[in-house]
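Participant: Contents are mmCIF, C-alpha atoms; file name start00.cif:
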```cif
data_upload
#
loop_
_atom_site.label_atom_id
_atom_site.label_comp_id
_atom_site.auth_asym_id
_atom_site.auth_seq_id
_atom_site.Cartn_x
_atom_site.Cartn_y
_atom_site.Cartn_z
CA MET X 232 0.00 0.00 0.00
CA SER X 233 1.30 3.42 -0.85
CA SER X 234 1.74 5.99 1.86
CA LEU X 235 -0.64 8.95 1.87
CA GLY X 236 0.94 10.65 -1.08
CA PHE X 237 -1.52 9.83 -3.86
CA GLY X 238 0.67 7.85 -6.24
CA GLN X 239 -0.28 8.25 -9.86
CA SER X 240 -2.31 5.06 -10.12
CA GLY X 241 -2.51 3.89 -6.52
CA SER X 242 -1.40 0.45 -5.46
CA THR X 243 -3.37 -2.71 -4.85
CA VAL X 244 -4.71 -3.01 -1.32
CA VAL X 245 -4.34 -6.57 -0.04
CA PRO X 246 -6.77 -7.26 2.85
CA SER X 247 -6.40 -10.10 5.32
CA THR X 248 -7.63 -13.52 4.21
CA ALA X 249 -10.61 -13.38 6.56
CA LEU X 250 -11.57 -9.94 5.31
CA ARG X 251 -11.12 -10.89 1.68
CA GLU X 252 -13.40 -13.90 2.20
CA SER X 253 -16.20 -11.77 3.69
CA ALA X 254 -19.59 -12.26 2.04
CA PHE X 255 -19.77 -8.58 1.11
CA LEU X 256 -16.45 -8.44 -0.74
CA LYS X 257 -17.09 -11.80 -2.42
CA ALA X 258 -20.46 -10.58 -3.68
CA CYS X 259 -18.86 -7.39 -5.01
CA ARG X 260 -16.38 -9.59 -6.89
CA ARG X 261 -19.26 -11.74 -8.20
CA GLU X 262 -17.98 -14.83 -6.40
CA PRO X 263 -20.08 -17.49 -4.60
CA VAL X 264 -21.16 -16.36 -1.13
CA PRO X 265 -22.29 -18.22 2.03
CA HIS X 266 -25.31 -15.91 2.18
CA THR X 267 -26.43 -12.69 0.52
CA PRO X 268 -24.59 -9.89 2.35
CA VAL X 269 -26.56 -6.99 3.79
CA TRP X 270 -25.74 -3.42 4.66
CA PHE X 271 -27.88 -0.28 4.67
CA MET X 272 -27.19 3.20 3.44
CA ARG X 273 -27.53 5.56 6.44
CA GLN X 274 -27.38 2.55 8.77
CA ALA X 275 -25.31 4.71 11.13
CA GLY X 276 -27.72 7.50 11.91
CA ARG X 277 -30.92 8.85 13.37
CA SER X 278 -32.79 5.52 13.39
CA LEU X 279 -30.56 4.41 16.29
CA PRO X 280 -31.18 5.73 19.82
CA GLU X 281 -27.50 5.17 20.64
CA PHE X 282 -26.59 7.49 17.75
CA LEU X 283 -28.90 10.21 19.04
CA GLU X 284 -27.34 9.83 22.46
CA VAL X 285 -23.71 10.24 21.39
CA ARG X 286 -24.53 13.00 18.90
CA ARG X 287 -26.58 15.07 21.32
CA GLY X 288 -25.46 18.71 21.15
CA ILE X 289 -22.84 18.09 18.44
CA ALA X 290 -23.29 19.62 14.98
CA MET X 291 -23.19 17.22 12.02
CA LEU X 292 -19.99 18.50 10.43
CA ASP X 293 -18.27 18.73 13.80
CA SER X 294 -19.13 15.11 14.50
CA CYS X 295 -17.49 14.05 11.22
CA MET X 296 -14.19 15.53 12.40
CA MET X 297 -14.02 13.66 15.74
CA PRO X 298 -12.29 10.28 15.11
CA GLU X 299 -13.41 8.55 18.30
CA LEU X 300 -17.01 9.63 17.76
CA VAL X 301 -16.89 8.61 14.08
CA THR X 302 -15.57 5.21 15.13
CA GLU X 303 -18.31 4.69 17.69
CA ILE X 304 -21.10 5.76 15.31
CA THR X 305 -19.78 3.62 12.46
CA LEU X 306 -19.64 0.56 14.72
CA GLN X 307 -23.13 0.97 16.22
CA PRO X 308 -25.15 -0.67 13.41
CA VAL X 309 -22.59 -3.46 13.07
CA ARG X 310 -23.06 -4.33 16.73
CA ARG X 311 -26.84 -3.94 16.71
CA HIS X 312 -27.88 -5.35 13.32
CA GLY X 313 -25.13 -7.80 12.41
CA VAL X 314 -24.72 -6.25 8.95
CA ASP X 315 -22.02 -7.62 6.66
CA ALA X 316 -20.23 -4.28 6.15
CA ALA X 317 -19.74 -1.01 7.98
CA VAL X 318 -20.05 2.29 6.16
CA TYR X 319 -17.84 5.17 7.23
CA TYR X 320 -19.76 7.85 9.11
CA SER X 321 -19.26 11.14 7.30
CA ASP X 322 -21.03 13.40 4.80
CA ILE X 323 -20.46 14.07 1.11
CA VAL X 324 -19.69 17.74 1.77
CA VAL X 325 -16.88 17.03 4.26
CA PRO X 326 -14.11 17.35 1.64
CA LEU X 327 -15.58 20.66 0.46
CA LYS X 328 -15.60 21.98 4.01
CA ALA X 329 -12.03 20.71 4.44
CA ILE X 330 -10.73 22.82 1.53
CA GLY X 331 -12.38 25.96 2.86
CA VAL X 332 -15.77 26.16 1.15
CA ASP X 333 -18.08 28.19 3.38
CA LEU X 334 -20.93 25.75 4.01
CA ASP X 335 -22.90 24.20 6.81
CA ILE X 336 -25.43 21.42 7.23
CA LYS X 337 -28.65 22.98 8.49
CA PRO X 338 -30.91 20.64 10.49
CA GLY X 339 -34.00 19.80 8.48
CA VAL X 340 -32.56 21.41 5.34
CA GLY X 341 -29.22 19.87 4.41
CA PRO X 342 -26.00 21.41 3.08
CA VAL X 343 -26.22 25.18 2.58
CA VAL X 344 -23.44 27.02 0.70
CA ALA X 345 -22.76 30.66 1.61
CA ARG X 346 -21.41 31.67 -1.81
CA PRO X 347 -22.82 29.50 -4.62
CA ILE X 348 -20.67 28.86 -7.65
CA ARG X 349 -22.14 30.74 -10.60
CA SER X 350 -19.04 32.07 -12.44
CA ARG X 351 -15.47 31.19 -13.34
CA GLU X 352 -14.26 33.42 -10.54
CA ASP X 353 -16.24 31.33 -8.06
CA LEU X 354 -14.23 28.25 -9.01
CA ALA X 355 -11.38 29.66 -6.93
CA GLN X 356 -13.20 28.22 -3.90
CA LEU X 357 -12.23 24.73 -5.06
CA ARG X 358 -8.58 23.95 -4.48
CA ASP X 359 -7.21 20.41 -4.48
CA LEU X 360 -7.79 18.27 -1.40
CA GLN X 361 -4.62 17.08 0.37
CA PRO X 362 -4.40 14.26 2.95
CA GLU X 363 -3.38 16.78 5.61
CA ASP X 364 -6.75 18.52 5.11
CA VAL X 365 -8.58 15.51 6.56
CA PRO X 366 -6.31 13.90 9.19
CA TYR X 367 -9.39 12.94 11.20
CA VAL X 368 -10.50 10.67 8.34
CA THR X 369 -7.22 8.75 8.31
CA GLU X 370 -7.24 8.44 12.11
CA ALA X 371 -10.86 7.28 12.31
CA ILE X 372 -10.52 4.68 9.55
CA ARG X 373 -7.37 3.22 11.07
CA MET X 374 -9.20 2.93 14.39
CA LEU X 375 -12.17 1.33 12.68
CA VAL X 376 -10.13 -1.22 10.76
CA GLY X 377 -8.62 -2.37 14.04
CA GLU X 378 -12.07 -2.72 15.63
CA LEU X 379 -13.87 -4.30 12.67
CA GLY X 380 -11.50 -7.18 12.04
CA ALA X 381 -13.06 -9.33 9.31
CA THR X 382 -15.95 -6.92 8.67
CA PRO X 383 -15.30 -4.70 5.62
CA LEU X 384 -15.44 -0.92 5.87
CA ILE X 385 -17.01 1.02 3.00
CA GLY X 386 -15.66 4.49 2.30
CA PHE X 387 -17.54 6.97 0.15
CA ALA X 388 -17.61 10.29 -1.62
CA GLY X 389 -20.18 12.47 -3.32
CA ALA X 390 -20.19 12.21 -7.10
CA PRO X 391 -19.26 15.31 -9.11
CA PHE X 392 -22.81 16.02 -10.31
CA THR X 393 -24.38 15.88 -6.86
CA LEU X 394 -21.64 17.99 -5.30
CA ALA X 395 -21.98 20.47 -8.16
CA SER X 396 -25.73 20.69 -7.66
CA TYR X 397 -25.26 21.73 -4.02
CA LEU X 398 -22.54 24.21 -4.89
CA VAL X 399 -24.41 25.82 -7.79
CA GLU X 400 -27.86 25.88 -6.19
CA GLY X 401 -26.52 26.91 -2.78
CA GLY X 402 -28.36 24.03 -1.14
CA PRO X 403 -30.84 21.22 -1.85
CA SER X 404 -33.04 21.75 -4.89
CA ARG X 405 -36.08 20.02 -6.37
CA ASN X 406 -35.64 21.25 -9.93
CA HIS X 407 -31.92 22.12 -10.18
CA GLU X 408 -32.66 25.32 -12.09
CA HIS X 409 -29.28 26.97 -11.65
CA THR X 410 -27.45 23.70 -12.16
CA LYS X 411 -29.11 22.97 -15.48
CA ALA X 412 -28.82 26.59 -16.56
CA MET X 413 -25.05 26.34 -16.19
CA MET X 414 -24.89 22.87 -17.70
CA TYR X 415 -26.75 23.93 -20.85
CA GLY X 416 -25.81 27.60 -20.98
CA ASP X 417 -22.10 27.47 -20.14
CA PRO X 418 -20.87 23.92 -20.76
CA GLU X 419 -17.22 25.00 -20.50
CA LEU X 420 -17.72 26.31 -16.98
CA TRP X 421 -19.77 23.25 -16.13
CA THR X 422 -17.07 20.90 -17.35
CA ALA X 423 -14.40 22.80 -15.43
CA LEU X 424 -16.51 22.60 -12.26
CA LEU X 425 -17.12 18.87 -12.57
CA ASP X 426 -13.48 18.21 -13.35
CA ARG X 427 -12.38 19.99 -10.17
CA LEU X 428 -14.94 18.08 -8.15
CA ALA X 429 -13.79 14.80 -9.68
CA VAL X 430 -10.25 15.55 -8.49
CA ILE X 431 -11.52 16.37 -4.99
CA ALA X 432 -13.73 13.27 -4.78
CA SER X 433 -10.86 11.10 -6.03
CA ALA X 434 -8.53 12.47 -3.37
CA PHE X 435 -11.12 11.89 -0.65
CA LEU X 436 -11.58 8.26 -1.71
CA LYS X 437 -7.82 7.72 -1.86
CA VAL X 438 -7.41 8.92 1.72
CA GLN X 439 -10.03 6.42 2.84
CA ILE X 440 -8.63 3.51 0.85
CA GLU X 441 -5.07 4.13 1.92
CA ALA X 442 -6.19 4.27 5.56
CA GLY X 443 -7.86 0.86 5.20
CA ALA X 444 -11.32 1.07 3.58
CA SER X 445 -12.12 -2.21 1.81
CA ALA X 446 -14.58 -0.77 -0.73
CA VAL X 447 -15.87 2.65 -1.80
CA GLN X 448 -19.20 4.02 -2.95
CA LEU X 449 -19.79 7.09 -5.09
CA PHE X 450 -23.12 8.70 -4.14
CA ASP X 451 -24.84 10.53 -6.99
CA SER X 452 -28.03 11.32 -5.13
CA TRP X 453 -29.43 13.89 -7.58
CA VAL X 454 -28.26 12.58 -10.96
CA GLY X 455 -31.66 11.01 -11.62
CA ALA X 456 -32.75 14.54 -12.61
CA LEU X 457 -30.92 14.10 -15.94
CA LYS X 458 -31.86 12.45 -19.20
CA PRO X 459 -29.43 9.82 -20.52
CA ALA X 460 -27.93 11.93 -23.31
CA ASP X 461 -27.01 14.70 -20.87
CA TYR X 462 -25.59 12.23 -18.39
CA ARG X 463 -23.40 10.62 -21.04
CA ARG X 464 -22.07 13.89 -22.43
CA LEU X 465 -21.92 16.20 -19.43
CA VAL X 466 -21.59 14.04 -16.29
CA MET X 467 -20.32 10.56 -17.04
CA PRO X 468 -16.75 11.66 -17.94
CA ALA X 469 -16.28 13.20 -14.48
CA SER X 470 -17.69 10.14 -12.67
CA ALA X 471 -15.50 7.88 -14.81
CA LYS X 472 -12.49 9.98 -13.84
CA VAL X 473 -13.19 9.27 -10.16
CA PHE X 474 -13.55 5.53 -10.70
CA ASP X 475 -10.44 5.42 -12.87
CA SER X 476 -8.44 7.27 -10.22
CA VAL X 477 -8.92 4.49 -7.65
CA ALA X 478 -8.91 1.50 -10.01
CA GLY X 479 -5.32 0.64 -9.14
CA TYR X 480 -6.15 -0.02 -5.49
CA GLY X 481 -8.11 -3.15 -6.35
CA VAL X 482 -11.04 -2.41 -4.00
CA PRO X 483 -14.66 -2.78 -5.18
CA ARG X 484 -16.20 0.44 -6.46
CA ILE X 485 -19.96 1.02 -6.07
CA HIS X 486 -22.01 3.60 -7.97
CA PHE X 487 -25.38 4.65 -6.56
CA GLY X 488 -27.98 7.21 -7.52
CA VAL X 489 -31.68 7.85 -6.88
CA GLY X 490 -34.25 7.80 -9.67
CA THR X 491 -31.64 6.49 -12.08
CA GLY X 492 -33.60 3.71 -13.79
CA GLU X 493 -32.95 5.24 -17.23
CA LEU X 494 -29.27 5.75 -16.41
CA LEU X 495 -28.34 2.32 -15.03
CA GLY X 496 -26.50 1.15 -18.14
CA LEU X 497 -24.51 4.35 -18.35
CA MET X 498 -23.70 4.26 -14.64
CA GLY X 499 -22.25 0.81 -15.18
CA GLU X 500 -20.22 2.11 -18.12
CA ALA X 501 -18.75 4.83 -15.89
CA GLY X 502 -16.51 2.23 -14.29
CA ALA X 503 -18.09 0.82 -11.13
CA ASP X 504 -17.82 -2.84 -10.17
CA VAL X 505 -21.20 -2.72 -8.42
CA VAL X 506 -24.21 -0.66 -9.53
CA GLY X 507 -26.66 0.41 -6.84
CA VAL X 508 -30.34 0.28 -7.79
CA ASP X 509 -33.14 2.19 -6.09
CA TRP X 510 -36.53 0.55 -5.43
CA ARG X 511 -38.18 1.67 -8.67
CA VAL X 512 -36.61 -0.95 -10.95
CA PRO X 513 -36.67 -4.71 -10.18
CA LEU X 514 -33.18 -6.17 -9.94
CA ASP X 515 -33.66 -8.60 -12.83
CA GLU X 516 -34.63 -5.72 -15.10
CA ALA X 517 -31.77 -3.63 -13.69
CA ALA X 518 -29.38 -6.45 -14.59
CA ARG X 519 -30.67 -6.39 -18.16
CA ARG X 520 -30.09 -2.63 -18.37
CA VAL X 521 -26.64 -2.71 -16.76
CA GLY X 522 -25.41 -5.72 -18.71
CA PRO X 523 -23.00 -8.49 -17.71
CA GLY X 524 -19.86 -8.13 -15.64
CA LYS X 525 -21.32 -6.06 -12.79
CA ALA X 526 -22.73 -6.95 -9.39
CA LEU X 527 -25.88 -5.14 -8.27
CA GLN X 528 -26.80 -3.62 -4.92
CA GLY X 529 -30.30 -3.06 -3.57
CA ASN X 530 -33.18 -2.57 -3.51
CA LEU X 531 -35.95 -2.80 -0.90
CA ASP X 532 -38.05 0.37 -0.62
CA PRO X 533 -37.04 1.99 2.73
CA ALA X 534 -40.71 2.76 3.47
CA VAL X 535 -41.53 -0.97 3.47
CA LEU X 536 -39.86 -1.22 6.89
CA PHE X 537 -42.84 0.64 8.41
CA ALA X 538 -45.18 -2.20 7.37
CA PRO X 539 -45.95 -5.27 9.51
CA ARG X 540 -43.20 -7.90 9.73
CA GLU X 541 -44.90 -10.34 7.33
CA ALA X 542 -45.30 -7.62 4.70
CA VAL X 543 -41.61 -6.75 5.02
CA ARG X 544 -40.72 -10.39 4.50
CA ALA X 545 -42.99 -10.65 1.45
CA GLN X 546 -41.40 -7.59 -0.14
CA THR X 547 -37.95 -8.90 0.73
CA ASP X 548 -38.77 -12.21 -0.95
CA GLU X 549 -39.65 -10.29 -4.12
CA VAL X 550 -36.26 -8.56 -4.08
CA LEU X 551 -34.43 -11.83 -3.49
CA ALA X 552 -36.39 -13.58 -6.24
CA ALA X 553 -35.52 -10.83 -8.73
CA ALA X 554 -31.86 -11.14 -7.65
CA SER X 555 -31.72 -14.92 -7.92
CA GLY X 556 -29.99 -14.96 -11.31
CA LEU X 557 -27.53 -12.14 -10.67
CA GLU X 558 -23.77 -12.57 -10.95
CA GLY X 559 -23.39 -10.86 -7.59
CA HIS X 560 -25.92 -9.29 -5.21
CA VAL X 561 -25.49 -7.07 -2.15
CA PHE X 562 -28.80 -6.61 -0.35
CA ASN X 563 -29.54 -3.01 0.57
CA LEU X 564 -32.40 -0.57 0.63
CA GLY X 565 -33.25 1.42 -2.46
CA HIS X 566 -32.06 4.53 -0.62
CA GLY X 567 -31.05 5.38 2.95
CA VAL X 568 -32.66 4.25 6.20
CA LEU X 569 -35.46 6.68 7.04
CA PRO X 570 -34.96 8.48 10.39
CA ASN X 571 -38.07 7.07 12.09
CA THR X 572 -37.38 3.45 11.14
CA ASP X 573 -37.68 0.98 14.02
CA PRO X 574 -34.17 -0.42 14.60
CA GLU X 575 -35.71 -3.81 15.38
CA ALA X 576 -37.12 -3.93 11.87
CA LEU X 577 -33.62 -3.53 10.45
CA THR X 578 -32.17 -6.22 12.69
CA ALA X 579 -34.98 -8.60 11.73
CA LEU X 580 -34.42 -7.85 8.04
CA VAL X 581 -30.73 -8.72 8.25
CA GLU X 582 -31.53 -11.98 10.01
CA TYR X 583 -34.22 -12.85 7.48
CA VAL X 584 -32.04 -12.22 4.42
CA HIS X 585 -29.22 -14.27 5.95
CA GLU X 586 -31.59 -17.16 6.75
CA ARG X 587 -33.34 -17.11 3.36
CA THR X 588 -30.13 -17.08 1.38
CA ALA X 589 -27.88 -19.36 3.44
CA ARG X 590 -26.07 -21.79 1.14
#
```
Let me see the file written as structure tokens.

Facilitator:
Amino acid sequence: MSSLGFGQSGSTVVPSTALRESAFLKACRREPVPHTPVWFMRQAGRSLPEFLEVRRGIAMLDSCMMPELVTEITLQPVRRHGVDAAVYYSDIVVPLKAIGVDLDIKPGVGPVVARPIRSREDLAQLRDLQPEDVPYVTEAIRMLVGELGATPLIGFAGAPFTLASYLVEGGPSRNHEHTKAMMYGDPELWTALLDRLAVIASAFLKVQIEAGASAVQLFDSWVGALKPADYRRLVMPASAKVFDSVAGYGVPRIHFGVGTGELLGLMGEAGADVVGVDWRVPLDEAARRVGPGKALQGNLDPAVLFAPREAVRAQTDEVLAAASGLEGHVFNLGHGVLPNTDPEALTALVEYVHERTAR
């Protein structure tokens, strides 16, 4: 493994034998598994009373910069639910905050940017991310790897389009008016913005991998707002640049977006090893759209977990049936755990998937 200096192509990360044989990593590599592995996006969060307890009085971004707290929060769902992978507790805007972008995460709103990027001059806010900008990430992941043992840790970053949408809009947006205005009206500025964000996202993933993350996921939460032609021409090159930048490390790369049924094939082309699927497209149909050579991740509707236990099991059976012919399948929700989800429902879901798929 290279030291934290960002070698040109990275170097292959060789995990321990026990870690390499984990169900999650085997599924990502499309190898036979002892059972279908399970993890949940936002599994470390507001659905857990222990999370609310340790986060009380601490702002979101502050909590992401406290290694011991990050370690505890990341471990909580592993202890409680018995999931097959941990996901690093952080936020997609952390690297932007680390390079000096004036932003905050407002409770009930989300990331809010003080000075939105609307011109070439505004691009000056985005310098390259260096490892020394995020020492708390390296420290937390090294602590986590020691605690997790044979359980893989998933690192992540925000994809260029989603980061750009926050930066251009100034916060969350339903219609992405300013984002699309720049994308269509000033494609040169748009391309320059996405290229800078691809470099920042790549650096953030490299820090996590070099500290010990066993896999990484690129979150493109808002890219479902685009039609395929625009994604291919104006977004996919930047996402591909991120995936290419970490290819040399040899860790599985996951690509996930919401409302991306029409983009699934292109998202696979961008370079991921695993394509995440939201709940709107059955996994067998998603496999047809993505094509061979990729594992899939998903895709139970998060709202199903509010239904009675038997209904949850019935919906889970549908997901597992649709996944039965896949080359590799990682069970997940079609988006993140909703804040008011009963933790017991998540624990029961993990147990049920493990039991139903035991080989």

Participant: Report as a list of chain:residue names the full result of the PyMOL selection byres ((chain X and resi 489-499) around 6) when it is applied to this structure.

Facilitator: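 Checked against the file, the PyMOL selection byres ((chain X and resi 489-499) around 6) matches X:Ser452, X:Gly455, X:Pro459, X:Gly488, X:Glu500, X:Ala501, X:Gly502, X:Ala503, X:Asp509, X:Arg520, X:Val521.
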
Participant: Hey, what's within 9 Å of Trp510 in chain X if we count all atoms listed in the file and toss same-chain stuff fewer than 3 positions away? As a PyMOL selection string, please?

Facilitator: chain X and resi 489-490+513-514+529-533+564-566

Participant: Only C-alpha atoms, please: the residues just picked out, written as a PDB file, in the frame of the given file.

Facilitator:
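Heads up, here's the output in part_3.pdb:
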```pdb
ATOM      1  CA  VAL X 489     -31.680   7.850  -6.880  1.00  0.00           C
ATOM      2  CA  GLY X 490     -34.250   7.800  -9.670  1.00  0.00           C
ATOM      3  CA  PRO X 513     -36.670  -4.710 -10.180  1.00  0.00           C
ATOM      4  CA  LEU X 514     -33.180  -6.170  -9.940  1.00  0.00           C
ATOM      5  CA  GLY X 529     -30.300  -3.060  -3.570  1.00  0.00           C
ATOM      6  CA  ASN X 530     -33.180  -2.570  -3.510  1.00  0.00           C
ATOM      7  CA  LEU X 531     -35.950  -2.800  -0.900  1.00  0.00           C
ATOM      8  CA  ASP X 532     -38.050   0.370  -0.620  1.00  0.00           C
ATOM      9  CA  PRO X 533     -37.040   1.990   2.730  1.00  0.00           C
ATOM     10  CA  LEU X 564     -32.400  -0.570   0.630  1.00  0.00           C
ATOM     11  CA  GLY X 565     -33.250   1.420  -2.460  1.00  0.00           C
ATOM     12  CA  HIS X 566     -32.060   4.530  -0.620  1.00  0.00           C
TER      13      HIS X 566
END
```

Participant: Carefully work through the PyMOL selection byres ((chain X and resi 504) around 6) for this structure and note down the residues it includes, as a tab-separated table (two decimals) with C-alpha atoms, in the frame of the given file.

Facilitator:
```
chain	number	residue	atom	x	y	z
X	483	PRO	CA	-14.66	-2.78	-5.18
X	484	ARG	CA	-16.20	0.44	-6.46
X	503	ALA	CA	-18.09	0.82	-11.13
X	505	VAL	CA	-21.20	-2.72	-8.42
X	525	LYS	CA	-21.32	-6.06	-12.79
```

Participant: Tell me, in Å to one decimal, how far CA of Leu580 in chain X is from CA of Ser278 in chain X.

Facilitator: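 Between CA of Leu580 in chain X and CA of Ser278 in chain X the gap is 14.5 Å.
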
Participant: Any chance you could work out the residue set of the PyMOL selection byres ((chain X and resi 365) around 12) here, as a ChimeraX atom specification?

Facilitator: /X:235,295-298,321,325-331,360-364,366-372,431,434-439,442

Participant: Which polymer residues have any atom within 7 Å of an atom of Ala381 in chain X, counting all atoms listed in the file, with same-chain residues fewer than 4 positions away left out, as a count of residues only?

Facilitator: 3

Participant: Have a look at X:Gln307, X:Ser476, X:Asn406, X:Thr588 and name the one nearest to Leu283 in chain X; count all atoms listed in the file.

Facilitator: X:Gln307

Participant: What is the distance between CA of Pro280 in chain X and CA of Pro574 in chain X, in Å to one decimal?

Facilitator: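 Taking CA of Pro280 in chain X as the start and CA of Pro574 in chain X as the end point, the length is 8.6 Å.
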
Participant: Measure the distance from CA of Leu465 in chain X to CA of Tyr319 in chain X in Å and round it to one decimal.

Facilitator: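 Interatomic distance, CA of Leu465 in chain X to CA of Tyr319 in chain X: 29.1 Å.
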
Participant: Of the residues X:Val343, X:Ala471, X:Cys259, X:Ile348, which is the one nearest to Met413 in chain X, using only C-alpha atoms?

Facilitator: X:Ile348

Participant: Of the residues X:Gly522, X:Gly389, X:Pro570, X:Gly416, which is the one nearest to Ile485 in chain X, using all atoms listed in the file?

Facilitator: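 Nearest candidate to Ile485 in chain X out of X:Gly522, X:Gly389, X:Pro570, X:Gly416: X:Gly389.
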
Participant: Which residue gives the smallest distance to Val535 in chain X among X:Glu516, X:Phe562, X:Val568, X:His266, with only C-alpha atoms counted?

Facilitator: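 Nearest to Val535 in chain X: X:Val568.
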
Participant: Of the residues X:Ala478, X:Val314, X:Gly402, X:Gly377, which is the one nearest to Gly339 in chain X, using only C-alpha atoms?

Facilitator: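 Between X:Ala478, X:Val314, X:Gly402, X:Gly377, the residue approaching Gly339 in chain X most closely is X:Gly402.
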
Participant: Could you list, as JSON, numbers by chain, every residue within 7 Å of Ala388 in chain X, counting only C-alpha atoms and ignoring same-chain residues fewer than 6 positions away?

Facilitator: {"X": [323, 432, 435, 436, 448, 449, 450]}

Participant: Which protein, DNA or RNA residues have an atom at most 9 Å from (-35.8, -10.4, -3.4), counting all atoms listed in the file? List them as a PyMOL selection string.

Facilitator: chain X and resi 513-514+530-531+545-555+562+584

Participant: Extract, using all atoms listed in the file, all DNA, RNA and protein residues at most 12 Å from Gly380 in chain X, discarding same-chain residues fewer than 3 positions from it, and format them as a PyMOL selection string.

Facilitator: chain X and resi 246-251+253+306+309+315-317+373-377+383-384+443-445

Participant: For range 284-296 of chain X, which lacks atoms in the input, supply N, CA and C atoms and format the output as a PDB file, in the frame of the given file.

Facilitator:
```pdb
ATOM      1  N   GLU X 284     -27.956   9.575  21.155  1.00  0.00           N
ATOM      2  CA  GLU X 284     -27.340   9.830  22.460  1.00  0.00           C
ATOM      3  C   GLU X 284     -25.938  10.398  22.314  1.00  0.00           C
ATOM      4  N   VAL X 285     -25.098   9.767  21.496  1.00  0.00           N
ATOM      5  CA  VAL X 285     -23.710  10.240  21.390  1.00  0.00           C
ATOM      6  C   VAL X 285     -23.587  11.509  20.569  1.00  0.00           C
ATOM      7  N   ARG X 286     -24.581  11.794  19.716  1.00  0.00           N
ATOM      8  CA  ARG X 286     -24.530  13.000  18.900  1.00  0.00           C
ATOM      9  C   ARG X 286     -25.197  14.203  19.553  1.00  0.00           C
ATOM     10  N   ARG X 287     -25.823  13.990  20.697  1.00  0.00           N
ATOM     11  CA  ARG X 287     -26.580  15.070  21.320  1.00  0.00           C
ATOM     12  C   ARG X 287     -25.711  16.308  21.523  1.00  0.00           C
ATOM     13  N   GLY X 288     -26.166  17.447  20.973  1.00  0.00           N
ATOM     14  CA  GLY X 288     -25.460  18.710  21.150  1.00  0.00           C
ATOM     15  C   GLY X 288     -24.261  18.906  20.242  1.00  0.00           C
ATOM     16  N   ILE X 289     -24.004  17.981  19.334  1.00  0.00           N
ATOM     17  CA  ILE X 289     -22.840  18.090  18.440  1.00  0.00           C
ATOM     18  C   ILE X 289     -23.332  18.291  17.004  1.00  0.00           C
ATOM     19  N   ALA X 290     -22.880  19.340  16.355  1.00  0.00           N
ATOM     20  CA  ALA X 290     -23.290  19.620  14.980  1.00  0.00           C
ATOM     21  C   ALA X 290     -22.782  18.527  14.039  1.00  0.00           C
ATOM     22  N   MET X 291     -23.507  18.304  12.945  1.00  0.00           N
ATOM     23  CA  MET X 291     -23.190  17.220  12.020  1.00  0.00           C
ATOM     24  C   MET X 291     -21.758  17.277  11.526  1.00  0.00           C
ATOM     25  N   LEU X 292     -21.350  18.415  10.977  1.00  0.00           N
ATOM     26  CA  LEU X 292     -19.990  18.500  10.430  1.00  0.00           C
ATOM     27  C   LEU X 292     -18.935  18.372  11.508  1.00  0.00           C
ATOM     28  N   ASP X 293     -19.219  18.899  12.688  1.00  0.00           N
ATOM     29  CA  ASP X 293     -18.270  18.730  13.800  1.00  0.00           C
ATOM     30  C   ASP X 293     -18.103  17.262  14.145  1.00  0.00           C
ATOM     31  N   SER X 294     -19.201  16.523  14.138  1.00  0.00           N
ATOM     32  CA  SER X 294     -19.130  15.110  14.500  1.00  0.00           C
ATOM     33  C   SER X 294     -18.282  14.315  13.500  1.00  0.00           C
ATOM     34  N   CYS X 295     -18.271  14.747  12.251  1.00  0.00           N
ATOM     35  CA  CYS X 295     -17.490  14.050  11.220  1.00  0.00           C
ATOM     36  C   CYS X 295     -15.985  14.252  11.381  1.00  0.00           C
ATOM     37  N   MET X 296     -15.600  15.202  12.212  1.00  0.00           N
ATOM     38  CA  MET X 296     -14.190  15.530  12.400  1.00  0.00           C
ATOM     39  C   MET X 296     -13.655  15.043  13.747  1.00  0.00           C
TER      40      MET X 296
END
```
